[in-house]
Amino acid sequence: MDTYHDWKDVPEHLKTSSALKKLGLRPKRGQAPAAQKTHWDYKIPTYDLFDMRECEPYTVSDAQKAALQKARANSLEARTCTRCGWVENLGRPYRGKPRVIDGLCPLCRERDERERDRAEAVEWAQRMLSTPGALILDTETTDLDGEIIELAILTVQDDVVFNSRFHNSEQIHPKAQAIHGLSAAHLADAPLFKDQILTIAGHLLTAPVTVIYNAAFDVARINYTCHLYGFGSLQFKHQCAMLWYAQWVGEWSNYHGSYRFQPLEEGDHSALGDCRATLSALKEMAEAAL
């Protein structure tokens, strides 16, 4: 068998199978290659060369045409979203390529996921409101990393369990004061947090669950204030209403890869007022399914 190392040396009548197909030809059944095109670099493949003078016309039978048409139809069906009709690009798969999976395009799958998350948030709110003894808590502090100067606890039936301000041992930051309006003068005659800790702990430790809007903040401030006055952390069961409310609203942040947090509406930035605003948010979520 002849071997060629350079394409310019290959005679005109010798063609690869791909070149033959472009010319409307194909090797006959059992036709062996007449030569090969090789290369010194092993990474470059060796090509079989066929004598085009011995080849036959490339034809497609009716059965082949029908099979090809059926394959194209099946491919189109598999790439078409059954809900919105979006068609996936036929190009080669790549990272991040939008694809139809289980009959749905990325947008329809995302919508389904948002609806499932919203339904889950509704179910959670209904469960919190129907849990006997469930509580709602909110605090006001001297600063983002400061001590608690006001704390309120509310039942899910809107009964006030605890509501008190506390004399501050740390200076109130001006920005915090601008939000909740509490100054040292307002707290001058208030009791110390340490004098109320047993009452607060009694409510929280015996409750089946305590709902808090931005639980990570309030729980951290409760434990900080406990440590400030020589007490240990309070290990009580709690749920974050802010996370569930964000999931219920459903505004997705691609940057953070999570739902956007929503401000607590209707709150007056007092501990009790924000407890009632949290209760309103729970009821809004729970009644959304009605």
# chains A, B, ... in the order shown; residues from 1 in each chain; ligands from 1

call {"tool": "closest_atom_pairs", "arguments": {"of": "segment 102-169 of chain A", "to": "segment 278-287 of chain A", "cutoff": "8 Å", "atoms": "only C-alpha atoms", "output": "Markdown table"}}
result
| residue | atom | partner | partner_atom | distance |
| --- | --- | --- | --- | --- |
| A:Ala121 | CA | A:Met285 | CA | 7.2 |
| A:Val122 | CA | A:Ala286 | CA | 5.0 |
| A:Glu123 | CA | A:Ala286 | CA | 6.9 |
| A:Trp124 | CA | A:Ala286 | CA | 7.9 |
| A:Ala125 | CA | A:Ala286 | CA | 5.2 |
| A:Gln126 | CA | A:Ala286 | CA | 4.9 |
| A:Leu129 | CA | A:Leu282 | CA | 7.4 |
| A:Ile136 | CA | A:Leu279 | CA | 7.4 |
| A:Val156 | CA | A:Leu279 | CA | 6.6 |
| A:Asp158 | CA | A:Leu279 | CA | 7.7 |

call {"tool": "residues_around", "arguments": {"residues": "Tyr47 of chain A", "least_positions_apart": "2", "cutoff": "9 Å", "atoms": "only C-alpha atoms", "output": "ChimeraX atom specification"}}
result
/A:16-17,35-38,45,49

call {"tool": "atom_distance", "arguments": {"atom1": "atom CA of Ser253 of chain A", "atom2": "atom CA of Asp218 of chain A"}}
result
24.1 Å

call {"tool": "select_by_dssp", "arguments": {"residues": "segment 8-134 of chain A", "states": "strand (DSSP E or B)", "output": "PyMOL selection string"}}
result
chain A and resi 14-15+25-26+35-37+47-51+56-57+80+87+101+104

call {"tool": "residues_around", "arguments": {"residues": "Ala178 of chain A", "least_positions_apart": "4", "cutoff": "12 Å", "atoms": "only C-alpha atoms", "output": "JSON, numbers by chain"}}
result
{"A": [140, 141, 142, 143, 172, 173, 174, 182, 183, 269, 270]}
